[in-house]
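Chemist: Quick one: this structure, given as structure tokens, is what I'll be asking you about.
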Amino acid sequence: MKIKTFNIVGMHCASCVALNERALKKIKGVKDASVNFGTHSATVEYDESQASEKMLYDAVIKNGYKVLAEASMHEHRKQNQEELSLTKRNAFLALLLAAPALVLAMFMIELPFSFAGYNAGIWIQAFLSSVVILFFGWEFHIGMLKQLRLKSSNMDTLISIGTLAALVYSFWAMISGNPDLYFETGAIIAALILLGRYFEAKIRGQASEAIEKLLQLGAKTARLTENGQEREIPIEEVRVGNVLLVKPGEKIPVDGKVVFGSTSIDESMLTGESIPVDKKINDDVFGATVNIQGAIKVQATKVSQDTVLAQIVKMVAEAQTKKAPIQKLADSISGIFVPVVLAIAAVTAIVWYFVSGDITQSVIPAVAVLVIACPCALGLATPTAIMVGTGIGAKRGILIKNGEALERGKKIDVVVFDKTGTLTEGKPKVTDVVSLISDFSIEKILAYAGSLENLSEHPLAQAVVNAAKDKNLTLKEVQEFENIAGKGVKGSIGDEAMLVGNPRLLREFGITIDLHEDIIGELENQAKTVVMLAVNKQPVGVIGIADTLKEDAQEAVAKLKTLDIETVMITGDNKKTAEAIAKQLTIEKVFAEVLPQDKAEKVKLLQKEGKKVAFVGDGINDAPALVQADLGVAIGTGTDIAIEAGNIVLVKGHPLKVVEALTLAKTTFRTIQQNMFWAFFYNIAALPLAALGLLNPVIAAGAMAFSSVSVVGNSLRIKRKKL
């Protein structure tokens, strides 16, 4: 199966969405089709052996719309800008012509000359209104005719019939001598709707600006170094393996590794965090981040569409084209909405004619019904909120993969954290150094232990070495080095015999450590691994090593509690270690000694208790649990941004980002619900008022335009929400 996304030009309401979706789904071989009014795009999943891209495009074109098939993002933006410019011009010219007609009619102004029995003011109204309705409103009438040819209808149908009815009736009234004329009504309706479409397009552009801003983040050129020479090349020409020079203040062109120099880099565009990150040789750097301090050389490892920035853009774009399940209700209603409104308008006209016996009294309420019934707000309710929410998330390092994630995140009862790499750093660090004799200072203990451990590859050994290097201690040359698997290392420095390892190793070499059991026990109770240094068979120092908590882990757990969300920790560590860490975090429920493949079962246990569960893991060995959970939150590392298992991906693995993600999901979904409520309420309340003759068509046109703009404006309020 192949998935194809393309842009559609000319959609004006949710009925257009329903029409195109139906046409695409009728094609043999199409498994699923989703048309998004907010992004004006279609995403189709189809079997290439039965359907082709041309068949998809033809189905949309046959409905009277244009297709931007292989358009680049730049071409798409250009098309949108041209459409916005044209809509703006038509709207303001229509208003400019409709305004005099409205003034002449409202104040019943009579000019000093007449023609064919009518004052010149009436003829000016007729002329100006005809230009507005027939010329500037031509798109409505063309749209109606296209739908009529397909035996269908959309918003253009309602507007066209409504404005033409007002115009034709007014000319008929002039011929028959009826003083009730409604030229200005049709003109103002057309002008207001055109103005509403302009504002809607403008605000919708603000809602979808996230992708454009992300694209603008990337560097446009790179400084290539070859054979001692430097030359500037377009970013498109950078290849994997190229070595690039990046000076202070410049953007990193592509993803790569530092091969020369050291610096601090602003990665806020990637992680949402403003604190610079120190980088040295062999550290990873990412395209579009900013080099702050020293000049560095970077070897490209990922270019073009493989970079982290490109993956983020792709993920945000996909999220904005996918519909939330709640949108299905609006789409199903929109599919039958216009025919129902046409029927209501017809019944309204007939009933009013029989009640009043006056054709004027029957035409005007019917026109009001046609104009007030706008399915645009229904079509915009969900996609605009998703566009704003996903855009804000991307800026903050929170990638929401689809609208379904927002619905799943609306009511989470429990957040299950995988310990290593989410609540903790995932890298052992020396936390304590205790001297056992006065001749050995903390620095001397670390220098000796680090010298021996420097020849070992064990993670605990590297923790000791790193602690020594952090203090700028000189590591000494070691002779007779020997690695004792699972226990430690031995060797000699000068004429001193050294032993570094766990307490059991020292006992096996006949070294007495009974006097130091209290120190050992205290560290172990704090979930720390104990390493001891012995010199010439005498214990001289104790080193405590632990996987330290992330700096915001405690704050994250505390904030989840304020949101009435329970926190659970799951880990493969032994029970004693797990409980010690949980105690530091005030987490009451712990699943310890759990194998990776069994984590999903623990999630099921919580779900059987009737709880909605979010699971936070690294997206690799936690994949089954991420899928099993009601909401999977995967931790990205920069190299695995596009993790398939999670509904939400956090670019930087800080626990506090989980709280932000849940808050953003709830805020966005609540906004969708508000939009849907007002869109439905508006139509349910307005249609009866129009049918009863209590709503002037001009006011109806203004209200219709306002409804769409208000829905988009409400979505933009998400930007002001503090996460």
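Note on naming: chains are A, B, ... as they come in the structure tokens, residues start from 1 per chain, ligands start from 1 in the order shown.
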Looking only at the backbone, which of the residues in range 96-157 of chain A does DSSP tag as strand (DSSP E or B), as a compact mmCIF listing (two decimals) with C-alpha atoms, in the first residue's frame?

Modeler:
```
# COMPACT_ATOMS: atom_id res chain seq x y z
CA SER A 114 -34.71 59.71 -12.53
CA PHE A 115 -34.88 57.21 -15.37
CA TYR A 118 -37.09 55.05 -10.95
CA ASN A 119 -34.79 57.40 -9.13
```

Chemist: Pick out the residues sitting within 10 Å of Leu150 in chain A, and hand them over as a PDB file with N, CA, C and O atoms, in the first residue's frame; count only C-alpha atoms, and ignore anything fewer than 4 positions along from it in its own chain.

Modeler:
```pdb
ATOM      1  N   LEU A  19     -17.229  15.970  -0.024  1.00  0.00           N
ATOM      2  CA  LEU A  19     -17.381  15.645  -1.446  1.00  0.00           C
ATOM      3  C   LEU A  19     -16.115  14.983  -1.985  1.00  0.00           C
ATOM      4  O   LEU A  19     -16.170  13.938  -2.653  1.00  0.00           O
ATOM      5  N   LYS A  62     -12.328  16.497 -11.208  1.00  0.00           N
ATOM      6  CA  LYS A  62     -13.695  16.307 -11.707  1.00  0.00           C
ATOM      7  C   LYS A  62     -14.718  17.004 -10.807  1.00  0.00           C
ATOM      8  O   LYS A  62     -15.777  17.446 -11.258  1.00  0.00           O
ATOM      9  N   ASN A  63     -14.382  17.130  -9.519  1.00  0.00           N
ATOM     10  CA  ASN A  63     -15.277  17.806  -8.579  1.00  0.00           C
ATOM     11  C   ASN A  63     -15.191  19.322  -8.670  1.00  0.00           C
ATOM     12  O   ASN A  63     -15.899  20.039  -7.951  1.00  0.00           O
ATOM     13  N   GLY A  64     -14.294  19.813  -9.541  1.00  0.00           N
ATOM     14  CA  GLY A  64     -14.202  21.260  -9.732  1.00  0.00           C
ATOM     15  C   GLY A  64     -13.092  21.934  -8.959  1.00  0.00           C
ATOM     16  O   GLY A  64     -13.113  23.160  -8.792  1.00  0.00           O
ATOM     17  N   MET A 144     -21.387  26.568  -7.655  1.00  0.00           N
ATOM     18  CA  MET A 144     -22.718  25.957  -7.613  1.00  0.00           C
ATOM     19  C   MET A 144     -22.969  25.126  -8.871  1.00  0.00           C
ATOM     20  O   MET A 144     -23.481  23.996  -8.794  1.00  0.00           O
ATOM     21  N   LEU A 145     -22.601  25.673 -10.049  1.00  0.00           N
ATOM     22  CA  LEU A 145     -22.828  24.955 -11.306  1.00  0.00           C
ATOM     23  C   LEU A 145     -22.018  23.664 -11.369  1.00  0.00           C
ATOM     24  O   LEU A 145     -22.500  22.632 -11.848  1.00  0.00           O
ATOM     25  N   LYS A 146     -20.792  23.706 -10.873  1.00  0.00           N
ATOM     26  CA  LYS A 146     -19.961  22.495 -10.854  1.00  0.00           C
ATOM     27  C   LYS A 146     -20.589  21.427  -9.970  1.00  0.00           C
ATOM     28  O   LYS A 146     -20.611  20.242 -10.313  1.00  0.00           O
TER      29      LYS A 146
END
```

Chemist: Got a sec: who's within 12 Å of Leu605 in chain A, counting only C-alpha atoms, leaving out chain neighbours fewer than 5 positions off, as a ChimeraX atom specification?

Modeler: /A:414,416,591,598-600,610-613,625,628-629

Chemist: Take the residues that were just selected and, keeping N, CA, C and O atoms, output them as an mmCIF file, in the first residue's frame.

Modeler:
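The file below, part-v4.cif, is the result:
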```
data_model
loop_
_atom_site.group_PDB
_atom_site.id
_atom_site.type_symbol
_atom_site.label_atom_id
_atom_site.label_comp_id
_atom_site.auth_asym_id
_atom_site.auth_seq_id
_atom_site.Cartn_x
_atom_site.Cartn_y
_atom_site.Cartn_z
ATOM 1 N N VAL A 414 -2.841 7.696 35.007
ATOM 2 C CA VAL A 414 -1.554 7.195 35.495
ATOM 3 C C VAL A 414 -0.474 7.437 34.446
ATOM 4 O O VAL A 414 -0.692 7.189 33.261
ATOM 5 N N VAL A 416 3.245 6.035 33.688
ATOM 6 C CA VAL A 416 4.240 5.027 34.044
ATOM 7 C C VAL A 416 5.569 5.427 33.417
ATOM 8 O O VAL A 416 5.681 5.523 32.193
ATOM 9 N N PHE A 591 7.176 -0.997 40.046
ATOM 10 C CA PHE A 591 7.318 -2.352 39.486
ATOM 11 C C PHE A 591 8.811 -2.575 39.274
ATOM 12 O O PHE A 591 9.424 -1.941 38.410
ATOM 13 N N ASP A 598 8.140 -7.744 29.546
ATOM 14 C CA ASP A 598 7.020 -7.873 30.490
ATOM 15 C C ASP A 598 6.425 -6.516 30.882
ATOM 16 O O ASP A 598 5.448 -6.469 31.632
ATOM 17 N N LYS A 599 7.013 -5.434 30.383
ATOM 18 C CA LYS A 599 6.520 -4.111 30.770
ATOM 19 C C LYS A 599 5.091 -3.869 30.275
ATOM 20 O O LYS A 599 4.286 -3.234 30.951
ATOM 21 N N ALA A 600 4.792 -4.379 29.092
ATOM 22 C CA ALA A 600 3.437 -4.215 28.540
ATOM 23 C C ALA A 600 2.392 -4.882 29.432
ATOM 24 O O ALA A 600 1.261 -4.389 29.558
ATOM 25 N N GLY A 610 -9.203 -0.072 35.286
ATOM 26 C CA GLY A 610 -10.036 0.996 34.740
ATOM 27 C C GLY A 610 -9.314 2.324 34.572
ATOM 28 O O GLY A 610 -9.953 3.365 34.406
ATOM 29 N N LYS A 611 -7.990 2.297 34.595
ATOM 30 C CA LYS A 611 -7.219 3.521 34.494
ATOM 31 C C LYS A 611 -6.728 3.765 33.071
ATOM 32 O O LYS A 611 -6.417 2.826 32.352
ATOM 33 N N LYS A 612 -6.669 5.037 32.695
ATOM 34 C CA LYS A 612 -6.083 5.433 31.415
ATOM 35 C C LYS A 612 -4.588 5.669 31.645
ATOM 36 O O LYS A 612 -4.206 6.498 32.476
ATOM 37 N N VAL A 613 -3.760 4.942 30.911
ATOM 38 C CA VAL A 613 -2.330 4.902 31.206
ATOM 39 C C VAL A 613 -1.488 5.553 30.110
ATOM 40 O O VAL A 613 -1.663 5.258 28.928
ATOM 41 N N ALA A 625 5.290 -1.759 25.392
ATOM 42 C CA ALA A 625 4.565 -1.018 26.423
ATOM 43 C C ALA A 625 4.025 0.296 25.881
ATOM 44 O O ALA A 625 2.922 0.727 26.235
ATOM 45 N N GLN A 628 0.936 -0.614 23.961
ATOM 46 C CA GLN A 628 -0.133 -1.095 24.829
ATOM 47 C C GLN A 628 -0.808 0.052 25.584
ATOM 48 O O GLN A 628 -2.017 0.042 25.808
ATOM 49 N N ALA A 629 -0.043 1.061 25.956
ATOM 50 C CA ALA A 629 -0.578 2.161 26.756
ATOM 51 C C ALA A 629 -1.620 2.958 25.978
ATOM 52 O O ALA A 629 -1.644 2.957 24.748
#
```

Chemist: Which residues are close to Ile442 in chain A, i.e. within 12 Å by only C-alpha atoms, leaving aside same-chain residues fewer than 2 positions away? Reply as a ChimeraX atom specification.

Modeler: /A:430,432-440,444-450,467-468,471,473,533,540-543

Chemist: Report as a PyMOL selection string: the residues of range 380-604 of chain A with a DSSP assignment of alpha helix (DSSP H), based on the backbone of this structure.

Modeler: chain A and resi 380-395+403-408+442-453+459-470+503-508+517-525+553-562+575-585+599-604

Chemist: Which neighbours of range 172-181 of chain A fall inside 9 Å, counting only C-alpha atoms, when residues of the same chain fewer than 6 positions from it are skipped, and could you give them as a ChimeraX atom specification?

Modeler: /A:105,118,122,166,360

Chemist: Please provide as a list of chain:residue names all residues within 12 Å of Leu148 in chain A, with the sequence filter that same-chain residues fewer than 4 positions apart are discarded (counting only C-alpha atoms).

Modeler: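 The contact residues come out as A:Asn63, A:Gly64, A:His141, A:Ile142, A:Gly143, A:Met144, A:Ser152, A:Ser153, A:Asn154, A:Asp156, A:Thr157, A:Leu158, A:Ser160, A:Ile161, A:Pro339.
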
Chemist: Between A:Ile570, A:Ala578, A:Leu399, A:Leu423, which residue has the minimum interatomic distance to Ala661 in chain A, considering only C-alpha atoms?

Modeler: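 Residue with the minimum atom-to-atom distance to Ala661 in chain A: A:Leu399.
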